[in-house]
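Visitor: final39.pdb is reproduced below (PDB, C-alpha atoms and all ligand atoms).
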```
ATOM      1  CA  MET A 243      12.673  -1.973 -13.178  1.00  0.00           C
ATOM      2  CA  LYS A 244      12.336  -0.564  -9.670  1.00  0.00           C
ATOM      3  CA  TYR A 245       9.742  -2.075  -7.355  1.00  0.00           C
ATOM      4  CA  TYR A 246       9.206   0.174  -4.357  1.00  0.00           C
ATOM      5  CA  ILE A 247       6.677  -0.667  -1.673  1.00  0.00           C
ATOM      6  CA  LEU A 248       5.087   2.205   0.232  1.00  0.00           C
ATOM      7  CA  PHE A 249       4.103   0.575   3.489  1.00  0.00           C
ATOM      8  CA  GLY A 250       2.135   1.659   6.550  1.00  0.00           C
ATOM      9  CA  PRO A 251      -1.195   1.463   8.370  1.00  0.00           C
ATOM     10  CA  PRO A 252      -4.458   2.803   6.900  1.00  0.00           C
ATOM     11  CA  GLY A 253      -4.393   6.590   7.021  1.00  0.00           C
ATOM     12  CA  ALA A 254      -0.580   6.837   7.130  1.00  0.00           C
ATOM     13  CA  GLY A 255      -0.568   8.988   3.987  1.00  0.00           C
ATOM     14  CA  LYS A 256       0.498   6.468   1.355  1.00  0.00           C
ATOM     15  CA  GLY A 257      -1.892   7.816  -1.266  1.00  0.00           C
ATOM     16  CA  THR A 258      -0.994  11.426  -0.459  1.00  0.00           C
ATOM     17  CA  HIS A 259       2.730  10.918  -1.044  1.00  0.00           C
ATOM     18  CA  ALA A 260       2.535   8.448  -3.917  1.00  0.00           C
ATOM     19  CA  GLY A 261       1.566  11.139  -6.447  1.00  0.00           C
ATOM     20  CA  ALA A 262       4.682  13.274  -5.994  1.00  0.00           C
ATOM     21  CA  LEU A 263       7.010  10.265  -5.863  1.00  0.00           C
ATOM     22  CA  VAL A 264       5.770   8.662  -9.086  1.00  0.00           C
ATOM     23  CA  LYS A 265       6.191  11.963 -10.904  1.00  0.00           C
ATOM     24  CA  LYS A 266       9.706  12.533  -9.631  1.00  0.00           C
ATOM     25  CA  TYR A 267      10.955   9.028 -10.464  1.00  0.00           C
ATOM     26  CA  ASN A 268       8.703   8.191 -13.475  1.00  0.00           C
ATOM     27  CA  LEU A 269       7.072   5.284 -11.684  1.00  0.00           C
ATOM     28  CA  LEU A 270       3.575   3.903 -11.991  1.00  0.00           C
ATOM     29  CA  HIS A 271       1.496   4.157  -8.812  1.00  0.00           C
ATOM     30  CA  ILE A 272      -0.407   0.946  -8.127  1.00  0.00           C
ATOM     31  CA  SER A 273      -2.934   1.291  -5.305  1.00  0.00           C
ATOM     32  CA  THR A 274      -4.879  -1.930  -4.833  1.00  0.00           C
ATOM     33  CA  GLY A 275      -7.456   0.019  -2.804  1.00  0.00           C
ATOM     34  CA  GLU A 276      -8.020   2.388  -5.740  1.00  0.00           C
ATOM     35  CA  LEU A 277      -8.163  -0.471  -8.250  1.00  0.00           C
ATOM     36  CA  LEU A 278     -10.774  -2.198  -6.095  1.00  0.00           C
ATOM     37  CA  ARG A 279     -12.804   1.010  -5.710  1.00  0.00           C
ATOM     38  CA  ALA A 280     -12.749   1.382  -9.511  1.00  0.00           C
ATOM     39  CA  GLU A 281     -14.156  -2.170  -9.856  1.00  0.00           C
ATOM     40  CA  ILE A 282     -16.892  -1.301  -7.350  1.00  0.00           C
ATOM     41  CA  ALA A 283     -17.742   1.926  -9.185  1.00  0.00           C
ATOM     42  CA  ALA A 284     -17.920   0.031 -12.497  1.00  0.00           C
ATOM     43  CA  GLY A 285     -20.266  -2.524 -10.922  1.00  0.00           C
ATOM     44  CA  THR A 286     -18.191  -5.555 -12.013  1.00  0.00           C
ATOM     45  CA  GLU A 287     -18.622  -9.017 -10.463  1.00  0.00           C
ATOM     46  CA  LEU A 288     -15.241  -8.605  -8.777  1.00  0.00           C
ATOM     47  CA  GLY A 289     -16.343  -5.214  -7.445  1.00  0.00           C
ATOM     48  CA  LYS A 290     -19.550  -6.635  -6.001  1.00  0.00           C
ATOM     49  CA  LYS A 291     -17.635  -9.339  -4.135  1.00  0.00           C
ATOM     50  CA  ALA A 292     -14.984  -6.896  -2.930  1.00  0.00           C
ATOM     51  CA  GLN A 293     -17.454  -4.289  -1.698  1.00  0.00           C
ATOM     52  CA  GLU A 294     -18.795  -6.339   1.175  1.00  0.00           C
ATOM     53  CA  LEU A 295     -15.334  -7.228   2.447  1.00  0.00           C
ATOM     54  CA  ILE A 296     -14.051  -3.675   2.139  1.00  0.00           C
ATOM     55  CA  THR A 297     -17.003  -2.121   3.970  1.00  0.00           C
ATOM     56  CA  ALA A 298     -16.470  -4.654   6.764  1.00  0.00           C
ATOM     57  CA  GLY A 299     -12.808  -3.578   7.031  1.00  0.00           C
ATOM     58  CA  SER A 300     -11.611  -7.050   5.972  1.00  0.00           C
ATOM     59  CA  LEU A 301      -9.191  -7.939   3.205  1.00  0.00           C
ATOM     60  CA  VAL A 302     -10.216  -9.223  -0.220  1.00  0.00           C
ATOM     61  CA  PRO A 303      -8.709 -12.609  -1.223  1.00  0.00           C
ATOM     62  CA  ASP A 304      -4.986 -12.647  -2.079  1.00  0.00           C
ATOM     63  CA  SER A 305      -5.641 -14.118  -5.543  1.00  0.00           C
ATOM     64  CA  VAL A 306      -7.838 -11.139  -6.495  1.00  0.00           C
ATOM     65  CA  VAL A 307      -5.282  -8.434  -5.716  1.00  0.00           C
ATOM     66  CA  GLU A 308      -2.389 -10.511  -7.059  1.00  0.00           C
ATOM     67  CA  GLY A 309      -4.178 -10.832 -10.408  1.00  0.00           C
ATOM     68  CA  MET A 310      -4.649  -7.059 -10.568  1.00  0.00           C
ATOM     69  CA  ILE A 311      -0.980  -6.462  -9.713  1.00  0.00           C
ATOM     70  CA  GLU A 312       0.365  -8.937 -12.233  1.00  0.00           C
ATOM     71  CA  SER A 313      -1.696  -7.576 -15.113  1.00  0.00           C
ATOM     72  CA  THR A 314      -0.673  -4.003 -14.234  1.00  0.00           C
ATOM     73  CA  PHE A 315       3.008  -5.046 -14.371  1.00  0.00           C
ATOM     74  CA  GLU A 316       2.437  -6.725 -17.746  1.00  0.00           C
ATOM     75  CA  ASN A 317       0.577  -3.761 -19.254  1.00  0.00           C
ATOM     76  CA  ASN A 318       3.092  -1.080 -18.256  1.00  0.00           C
ATOM     77  CA  LYS A 319       6.584  -1.551 -19.614  1.00  0.00           C
ATOM     78  CA  ASP A 320       7.462   2.070 -20.369  1.00  0.00           C
ATOM     79  CA  VAL A 321       8.082   3.294 -16.817  1.00  0.00           C
ATOM     80  CA  ASN A 322      11.170   3.202 -14.587  1.00  0.00           C
ATOM     81  CA  GLY A 323       9.306   1.055 -12.131  1.00  0.00           C
ATOM     82  CA  PHE A 324       6.330   0.771  -9.799  1.00  0.00           C
ATOM     83  CA  LEU A 325       5.278   2.240  -6.481  1.00  0.00           C
ATOM     84  CA  LEU A 326       3.101  -0.306  -4.721  1.00  0.00           C
ATOM     85  CA  ASP A 327       0.597   1.162  -2.256  1.00  0.00           C
ATOM     86  CA  GLY A 328      -1.585  -1.176  -0.202  1.00  0.00           C
ATOM     87  CA  PHE A 329       0.084  -4.293  -1.600  1.00  0.00           C
ATOM     88  CA  PRO A 330       1.414  -6.643  -0.322  1.00  0.00           C
ATOM     89  CA  ARG A 331      -0.820  -6.730   2.746  1.00  0.00           C
ATOM     90  CA  THR A 332      -0.342 -10.350   3.879  1.00  0.00           C
ATOM     91  CA  LEU A 333       2.688 -12.641   4.122  1.00  0.00           C
ATOM     92  CA  ALA A 334       1.234 -14.804   1.347  1.00  0.00           C
ATOM     93  CA  GLN A 335       0.984 -11.733  -0.925  1.00  0.00           C
ATOM     94  CA  ALA A 336       4.604 -10.794  -0.133  1.00  0.00           C
ATOM     95  CA  GLU A 337       5.812 -14.312  -0.934  1.00  0.00           C
ATOM     96  CA  ASP A 338       3.779 -14.405  -4.152  1.00  0.00           C
ATOM     97  CA  LEU A 339       5.136 -10.995  -5.163  1.00  0.00           C
ATOM     98  CA  ASP A 340       8.695 -12.294  -4.732  1.00  0.00           C
ATOM     99  CA  LYS A 341       7.834 -15.270  -6.961  1.00  0.00           C
ATOM    100  CA  MET A 342       6.144 -13.046  -9.552  1.00  0.00           C
ATOM    101  CA  LEU A 343       9.238 -10.831  -9.744  1.00  0.00           C
ATOM    102  CA  ALA A 344      11.736 -13.710  -9.641  1.00  0.00           C
ATOM    103  CA  LYS A 345      10.134 -15.114 -12.816  1.00  0.00           C
ATOM    104  CA  LYS A 346      11.221 -11.895 -14.535  1.00  0.00           C
ATOM    105  CA  GLY A 347      14.650 -11.864 -12.911  1.00  0.00           C
ATOM    106  CA  ASP A 348      13.564  -8.933 -10.721  1.00  0.00           C
ATOM    107  CA  GLU A 349      13.095  -8.328  -7.012  1.00  0.00           C
ATOM    108  CA  VAL A 350      11.587  -5.789  -4.597  1.00  0.00           C
ATOM    109  CA  THR A 351      13.901  -2.755  -4.584  1.00  0.00           C
ATOM    110  CA  ALA A 352      13.022  -1.256  -1.190  1.00  0.00           C
ATOM    111  CA  VAL A 353      10.177  -1.003   1.311  1.00  0.00           C
ATOM    112  CA  VAL A 354       9.556   2.389   2.893  1.00  0.00           C
ATOM    113  CA  SER A 355       7.205   2.448   5.851  1.00  0.00           C
ATOM    114  CA  LEU A 356       5.251   5.526   6.960  1.00  0.00           C
ATOM    115  CA  MET A 357       5.077   5.368  10.738  1.00  0.00           C
ATOM    116  CA  ILE A 358       2.104   6.768  12.699  1.00  0.00           C
ATOM    117  CA  PRO A 359       0.528   5.748  16.015  1.00  0.00           C
ATOM    118  CA  ASP A 360      -3.013   4.303  16.117  1.00  0.00           C
ATOM    119  CA  GLU A 361      -4.504   7.482  17.719  1.00  0.00           C
ATOM    120  CA  VAL A 362      -3.308   9.571  14.791  1.00  0.00           C
ATOM    121  CA  ILE A 363      -4.734   6.999  12.337  1.00  0.00           C
ATOM    122  CA  HIS A 364      -8.200   7.659  13.777  1.00  0.00           C
ATOM    123  CA  GLU A 365      -7.832  11.441  13.433  1.00  0.00           C
ATOM    124  CA  ARG A 366      -6.571  11.229   9.871  1.00  0.00           C
ATOM    125  CA  ILE A 367      -9.255   8.820   8.700  1.00  0.00           C
ATOM    126  CA  ALA A 368     -11.981  10.968  10.273  1.00  0.00           C
ATOM    127  CA  HIS A 369     -10.555  13.975   8.414  1.00  0.00           C
ATOM    128  CA  ARG A 370     -10.362  12.025   5.116  1.00  0.00           C
ATOM    129  CA  ALA A 371     -13.946  10.792   5.533  1.00  0.00           C
ATOM    130  CA  ALA A 372     -15.124  14.395   5.441  1.00  0.00           C
ATOM    131  CA  ILE A 373     -13.179  15.078   2.220  1.00  0.00           C
ATOM    132  CA  GLU A 374     -13.317  11.883   0.146  1.00  0.00           C
ATOM    133  CA  GLY A 375     -16.538  10.256   1.319  1.00  0.00           C
ATOM    134  CA  ARG A 376     -15.157   6.681   1.294  1.00  0.00           C
ATOM    135  CA  ALA A 377     -17.673   4.237   2.782  1.00  0.00           C
ATOM    136  CA  ASP A 378     -14.949   2.403   4.712  1.00  0.00           C
ATOM    137  CA  ASP A 379     -13.842   5.667   6.395  1.00  0.00           C
ATOM    138  CA  ALA A 380     -17.274   6.604   7.706  1.00  0.00           C
ATOM    139  CA  ASN A 381     -17.876   3.901  10.271  1.00  0.00           C
ATOM    140  CA  GLU A 382     -15.958   3.565  13.549  1.00  0.00           C
ATOM    141  CA  GLU A 383     -16.301  -0.221  13.647  1.00  0.00           C
ATOM    142  CA  THR A 384     -14.896  -0.565  10.117  1.00  0.00           C
ATOM    143  CA  ILE A 385     -11.962   1.711  10.959  1.00  0.00           C
ATOM    144  CA  ASN A 386     -11.169  -0.315  14.086  1.00  0.00           C
ATOM    145  CA  ASN A 387     -11.373  -3.524  12.078  1.00  0.00           C
ATOM    146  CA  ARG A 388      -9.001  -2.132   9.439  1.00  0.00           C
ATOM    147  CA  ILE A 389      -6.475  -1.152  12.117  1.00  0.00           C
ATOM    148  CA  ARG A 390      -6.805  -4.584  13.735  1.00  0.00           C
ATOM    149  CA  THR A 391      -6.390  -6.278  10.338  1.00  0.00           C
ATOM    150  CA  TYR A 392      -3.275  -4.188   9.742  1.00  0.00           C
ATOM    151  CA  HIS A 393      -1.681  -5.277  13.031  1.00  0.00           C
ATOM    152  CA  GLU A 394      -2.613  -8.935  12.587  1.00  0.00           C
ATOM    153  CA  LYS A 395      -2.062  -9.564   8.902  1.00  0.00           C
ATOM    154  CA  THR A 396       0.098  -6.758   7.509  1.00  0.00           C
ATOM    155  CA  GLU A 397       2.540  -5.835  10.270  1.00  0.00           C
ATOM    156  CA  PRO A 398       4.273  -9.256  10.082  1.00  0.00           C
ATOM    157  CA  LEU A 399       5.612  -8.111   6.697  1.00  0.00           C
ATOM    158  CA  ILE A 400       8.010  -5.822   8.584  1.00  0.00           C
ATOM    159  CA  GLY A 401       9.969  -8.862   9.778  1.00  0.00           C
ATOM    160  CA  PHE A 402       9.755 -10.444   6.333  1.00  0.00           C
ATOM    161  CA  TYR A 403      11.380  -7.442   4.635  1.00  0.00           C
ATOM    162  CA  LYS A 404      13.835  -6.799   7.484  1.00  0.00           C
ATOM    163  CA  ALA A 405      15.131 -10.332   6.943  1.00  0.00           C
ATOM    164  CA  GLN A 406      15.755  -9.359   3.297  1.00  0.00           C
ATOM    165  CA  ASP A 407      17.435  -6.130   4.436  1.00  0.00           C
ATOM    166  CA  LYS A 408      14.915  -4.072   2.448  1.00  0.00           C
ATOM    167  CA  TYR A 409      12.897  -2.386   5.193  1.00  0.00           C
ATOM    168  CA  HIS A 410      13.160   1.350   5.984  1.00  0.00           C
ATOM    169  CA  GLU A 411      11.065   3.656   8.179  1.00  0.00           C
ATOM    170  CA  VAL A 412      10.035   7.274   7.803  1.00  0.00           C
ATOM    171  CA  ASN A 413       8.265   9.114  10.626  1.00  0.00           C
ATOM    172  CA  SER A 414       4.991  10.397   9.181  1.00  0.00           C
ATOM    173  CA  VAL A 415       3.765  12.562  12.064  1.00  0.00           C
ATOM    174  CA  CYS A 416       4.939  15.914  10.686  1.00  0.00           C
ATOM    175  CA  THR A 417       4.135  18.146   7.724  1.00  0.00           C
ATOM    176  CA  ILE A 418       3.475  16.691   4.260  1.00  0.00           C
ATOM    177  CA  GLU A 419       6.580  18.501   2.938  1.00  0.00           C
ATOM    178  CA  GLU A 420       8.805  17.033   5.643  1.00  0.00           C
ATOM    179  CA  VAL A 421       7.552  13.494   4.974  1.00  0.00           C
ATOM    180  CA  GLU A 422       8.044  14.051   1.235  1.00  0.00           C
ATOM    181  CA  ASP A 423      11.663  15.147   1.775  1.00  0.00           C
ATOM    182  CA  ARG A 424      12.364  12.095   3.921  1.00  0.00           C
ATOM    183  CA  LEU A 425      10.801   9.743   1.378  1.00  0.00           C
ATOM    184  CA  VAL A 426      12.807  11.257  -1.462  1.00  0.00           C
ATOM    185  CA  ALA A 427      16.011  10.978   0.588  1.00  0.00           C
ATOM    186  CA  LYS A 428      15.223   7.275   1.109  1.00  0.00           C
ATOM    187  CA  LEU A 429      14.285   6.423  -2.479  1.00  0.00           C
ATOM    188  CA  ASP A 430      17.396   8.246  -3.703  1.00  0.00           C
ATOM    189  CA  GLU A 431      19.431   5.584  -1.917  1.00  0.00           C
ATOM    190  CA  PHE A 432      18.163   2.784  -4.176  1.00  0.00           C
TER     191      PHE A 432
HETATM  192  P1  LIG A 501      -6.055   2.373   3.300  1.00  0.00           P
HETATM  193  O1  LIG A 501      -5.297   3.463   2.601  1.00  0.00           O
HETATM  194  O2  LIG A 501      -7.035   2.899   4.272  1.00  0.00           O
HETATM  195  O3  LIG A 501      -5.154   1.313   3.843  1.00  0.00           O
HETATM  196  P2  LIG A 501      -6.759   1.126   0.778  1.00  0.00           P
HETATM  197  O4  LIG A 501      -7.352   2.122  -0.141  1.00  0.00           O
HETATM  198  O5  LIG A 501      -5.324   0.737   0.563  1.00  0.00           O
HETATM  199  O6  LIG A 501      -6.979   1.662   2.251  1.00  0.00           O
HETATM  200  O7  LIG A 501      -7.628  -0.210   0.792  1.00  0.00           O
HETATM  201  C1  LIG A 501      -9.019  -0.181   1.068  1.00  0.00           C
HETATM  202  C2  LIG A 501      -9.522  -1.605   1.281  1.00  0.00           C
HETATM  203  O8  LIG A 501      -9.313  -2.383   0.079  1.00  0.00           O
HETATM  204  C3  LIG A 501      -8.794  -2.399   2.377  1.00  0.00           C
HETATM  205  O9  LIG A 501      -9.306  -2.128   3.663  1.00  0.00           O
HETATM  206  C4  LIG A 501      -9.070  -3.840   1.909  1.00  0.00           C
HETATM  207  O10 LIG A 501     -10.367  -4.243   2.212  1.00  0.00           O
HETATM  208  C5  LIG A 501      -8.978  -3.731   0.391  1.00  0.00           C
HETATM  209  N1  LIG A 501      -7.586  -4.003  -0.063  1.00  0.00           N
HETATM  210  C6  LIG A 501      -6.723  -3.086  -0.592  1.00  0.00           C
HETATM  211  N2  LIG A 501      -5.538  -3.666  -0.881  1.00  0.00           N
HETATM  212  C7  LIG A 501      -5.637  -4.969  -0.518  1.00  0.00           C
HETATM  213  C8  LIG A 501      -4.745  -6.081  -0.538  1.00  0.00           C
HETATM  214  N3  LIG A 501      -3.477  -5.965  -0.981  1.00  0.00           N
HETATM  215  N4  LIG A 501      -5.201  -7.284  -0.095  1.00  0.00           N
HETATM  216  C9  LIG A 501      -6.449  -7.420   0.336  1.00  0.00           C
HETATM  217  N5  LIG A 501      -7.346  -6.416   0.414  1.00  0.00           N
HETATM  218  C10 LIG A 501      -6.956  -5.208  -0.012  1.00  0.00           C
END
```
What does this structure look like when you write it as structure tokens?
Ligand code: ADP
Guide:
Amino acid sequence: MKYYILFGPPGAGKGTHAGALVKKYNLLHISTGELLRAEIAAGTELGKKAQELITAGSLVPDSVVEGMIESTFENNKDVNGFLLDGFPRTLAQAEDLDKMLAKKGDEVTAVVSLMIPDEVIHERIAHRAAIEGRADDANEETINNRIRTYHEKTEPLIGFYKAQDKYHEVNSVCTIEEVEDRLVAKLDEF
């Protein structure tokens, strides 16, 4: 099984590129953001708890997303692997993912990071807000909090995966096709 992590700040284009990549490599796309939005839409207890945190631009507890990830791994054995999008987002999640995979004799295959500067993040999220209508895209304070949360809690994962020699960067400030080509060239290496 391949375990690819698509990494990058909010608005970097992870969701946009995931679709083409999973098709090309027969992977399952796991977006924790999408799974959480599905819980909210279904009105579950988990969704109700998550909603407040998400609309504040904060993270939901590690145990919640880890549970969703683990059950998705267990319920999908007929794919070549997984493309993780939005997970792991904290050092604790990255360490727990390593443990989860080690139990199965597996490990993270590669981490590919979509690189964009903070100014471009703002532009892209504003554009997405108009199209997708996500509550956490509509409010400037929430967007700023998400970017801050990314720098504080998620960016330290770069060092974590560099130390494992698994971290790779792709410049994401160009056309969708160009980013796609660069991502494919990277994934082809592993
Ligand atoms: P974006 O693409 O803007 O980064 P996501 O759709 O990945 O947004 O996530 C939306 C929100 O869901 C996050 O801001 C966070 O509140 C919550 N979330 C998603 N994944 C995680 C995670 N791995 N750990 C904690 N919270 C998460």
Visitor: At a cut-off of 12 Å, using all atoms listed in the file, what residues contact Asp407 of chain A? Leave out same-chain residues fewer than 5 positions from it and give the result as a VMD selection string.
Guide: chain A and resid 350 to 354 400 to 402
Visitor: Calculated over all atoms listed in the file, which of the candidates A:Gln335, A:Val362, A:Lys428, A:Asn317 has the smallest distance to Glu411 of chain A?
Guide: A:Lys428
Visitor: Separation of atom CA of Phe315 of chain A and atom P1 of ligand LIG 501 (chain A), in Å?
Guide: 21.2 Å
Visitor: What do you get as a VMD selection string if you pick all residues at most 8 Å from ligand LIG 501 (chain A), counting only C-alpha atoms and all ligand atoms?
Guide: chain A and resid 250 to 257 273 to 276 278 to 279 292 295 to 304 306 to 308 327 to 332 335 367 378 to 379 388
Visitor: Output as lines of an AutoDock Vina configuration file the centre and edge lengths (Å, one decimal) of the box along x, y and z of the file that holds every listed atom of segment 300-305 of chain A after adding 4 Å on each side.
Guide:
```
center_x = -8.3
center_y = -10.6
center_z = 0.2
size_x = 14.6
size_y = 15.1
size_z = 19.5
```
Visitor: List as a PyMOL selection string the residues having at least one atom at most 12 Å from position (14.8, 8.4, 4.8) as given in the file, counting all atoms listed in the file.
Guide: chain A and resi 352-357+409-414+420-432
Visitor: Any chance you could export the current selection's C-alpha atoms as a tab-separated table (two decimals), in the frame of the given file?
Guide:
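Generated output (part33.tsv):
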```
chain	number	residue	atom	x	y	z
A	352	ALA	CA	13.02	-1.26	-1.19
A	353	VAL	CA	10.18	-1.00	1.31
A	354	VAL	CA	9.56	2.39	2.89
A	355	SER	CA	7.20	2.45	5.85
A	356	LEU	CA	5.25	5.53	6.96
A	357	MET	CA	5.08	5.37	10.74
A	409	TYR	CA	12.90	-2.39	5.19
A	410	HIS	CA	13.16	1.35	5.98
A	411	GLU	CA	11.06	3.66	8.18
A	412	VAL	CA	10.04	7.27	7.80
A	413	ASN	CA	8.26	9.11	10.63
A	414	SER	CA	4.99	10.40	9.18
A	420	GLU	CA	8.80	17.03	5.64
A	421	VAL	CA	7.55	13.49	4.97
A	422	GLU	CA	8.04	14.05	1.24
A	423	ASP	CA	11.66	15.15	1.78
A	424	ARG	CA	12.36	12.10	3.92
A	425	LEU	CA	10.80	9.74	1.38
A	426	VAL	CA	12.81	11.26	-1.46
A	427	ALA	CA	16.01	10.98	0.59
A	428	LYS	CA	15.22	7.28	1.11
A	429	LEU	CA	14.28	6.42	-2.48
A	430	ASP	CA	17.40	8.25	-3.70
A	431	GLU	CA	19.43	5.58	-1.92
A	432	PHE	CA	18.16	2.78	-4.18
```
Visitor: Will you model N, CA, C and O atoms for segment 294-306 of chain A and pass it back as a compact mmCIF listing (two decimals), keeping the file's coordinate frame?
Guide:
```txt
# COMPACT_ATOMS: atom_id res chain seq x y z
N GLU A 294 -18.36 -5.88 -0.14
CA GLU A 294 -18.80 -6.34 1.18
C GLU A 294 -17.61 -6.45 2.13
O GLU A 294 -17.68 -6.04 3.28
N LEU A 295 -16.52 -7.03 1.61
CA LEU A 295 -15.33 -7.23 2.45
C LEU A 295 -14.72 -5.88 2.83
O LEU A 295 -14.32 -5.67 3.98
N ILE A 296 -14.67 -4.97 1.88
CA ILE A 296 -14.05 -3.68 2.14
C ILE A 296 -14.87 -2.88 3.15
O ILE A 296 -14.31 -2.29 4.08
N THR A 297 -16.20 -2.90 3.02
CA THR A 297 -17.00 -2.12 3.97
C THR A 297 -17.02 -2.77 5.35
O THR A 297 -17.35 -2.12 6.33
N ALA A 298 -16.60 -4.03 5.44
CA ALA A 298 -16.47 -4.65 6.76
C ALA A 298 -15.09 -4.39 7.36
O ALA A 298 -14.83 -4.72 8.51
N GLY A 299 -14.17 -3.81 6.55
CA GLY A 299 -12.81 -3.58 7.03
C GLY A 299 -11.95 -4.82 6.94
O GLY A 299 -10.88 -4.90 7.54
N SER A 300 -12.40 -5.82 6.17
CA SER A 300 -11.61 -7.05 5.97
C SER A 300 -10.81 -6.93 4.69
O SER A 300 -10.98 -5.98 3.92
N LEU A 301 -9.97 -7.93 4.44
CA LEU A 301 -9.19 -7.94 3.20
C LEU A 301 -9.92 -8.74 2.13
O LEU A 301 -10.66 -9.68 2.45
N VAL A 302 -9.70 -8.40 0.88
CA VAL A 302 -10.22 -9.22 -0.22
C VAL A 302 -9.21 -10.36 -0.43
O VAL A 302 -8.07 -10.28 0.03
N PRO A 303 -9.62 -11.46 -1.10
CA PRO A 303 -8.71 -12.61 -1.22
C PRO A 303 -7.40 -12.25 -1.94
O PRO A 303 -7.39 -11.43 -2.86
N ASP A 304 -6.31 -12.90 -1.50
CA ASP A 304 -4.99 -12.65 -2.08
C ASP A 304 -5.01 -12.79 -3.60
O ASP A 304 -4.42 -11.98 -4.32
N SER A 305 -5.68 -13.84 -4.09
CA SER A 305 -5.64 -14.12 -5.54
C SER A 305 -6.21 -12.94 -6.34
O SER A 305 -5.75 -12.65 -7.45
N VAL A 306 -7.20 -12.26 -5.78
CA VAL A 306 -7.84 -11.14 -6.50
C VAL A 306 -6.85 -9.99 -6.69
O VAL A 306 -6.63 -9.51 -7.80
```
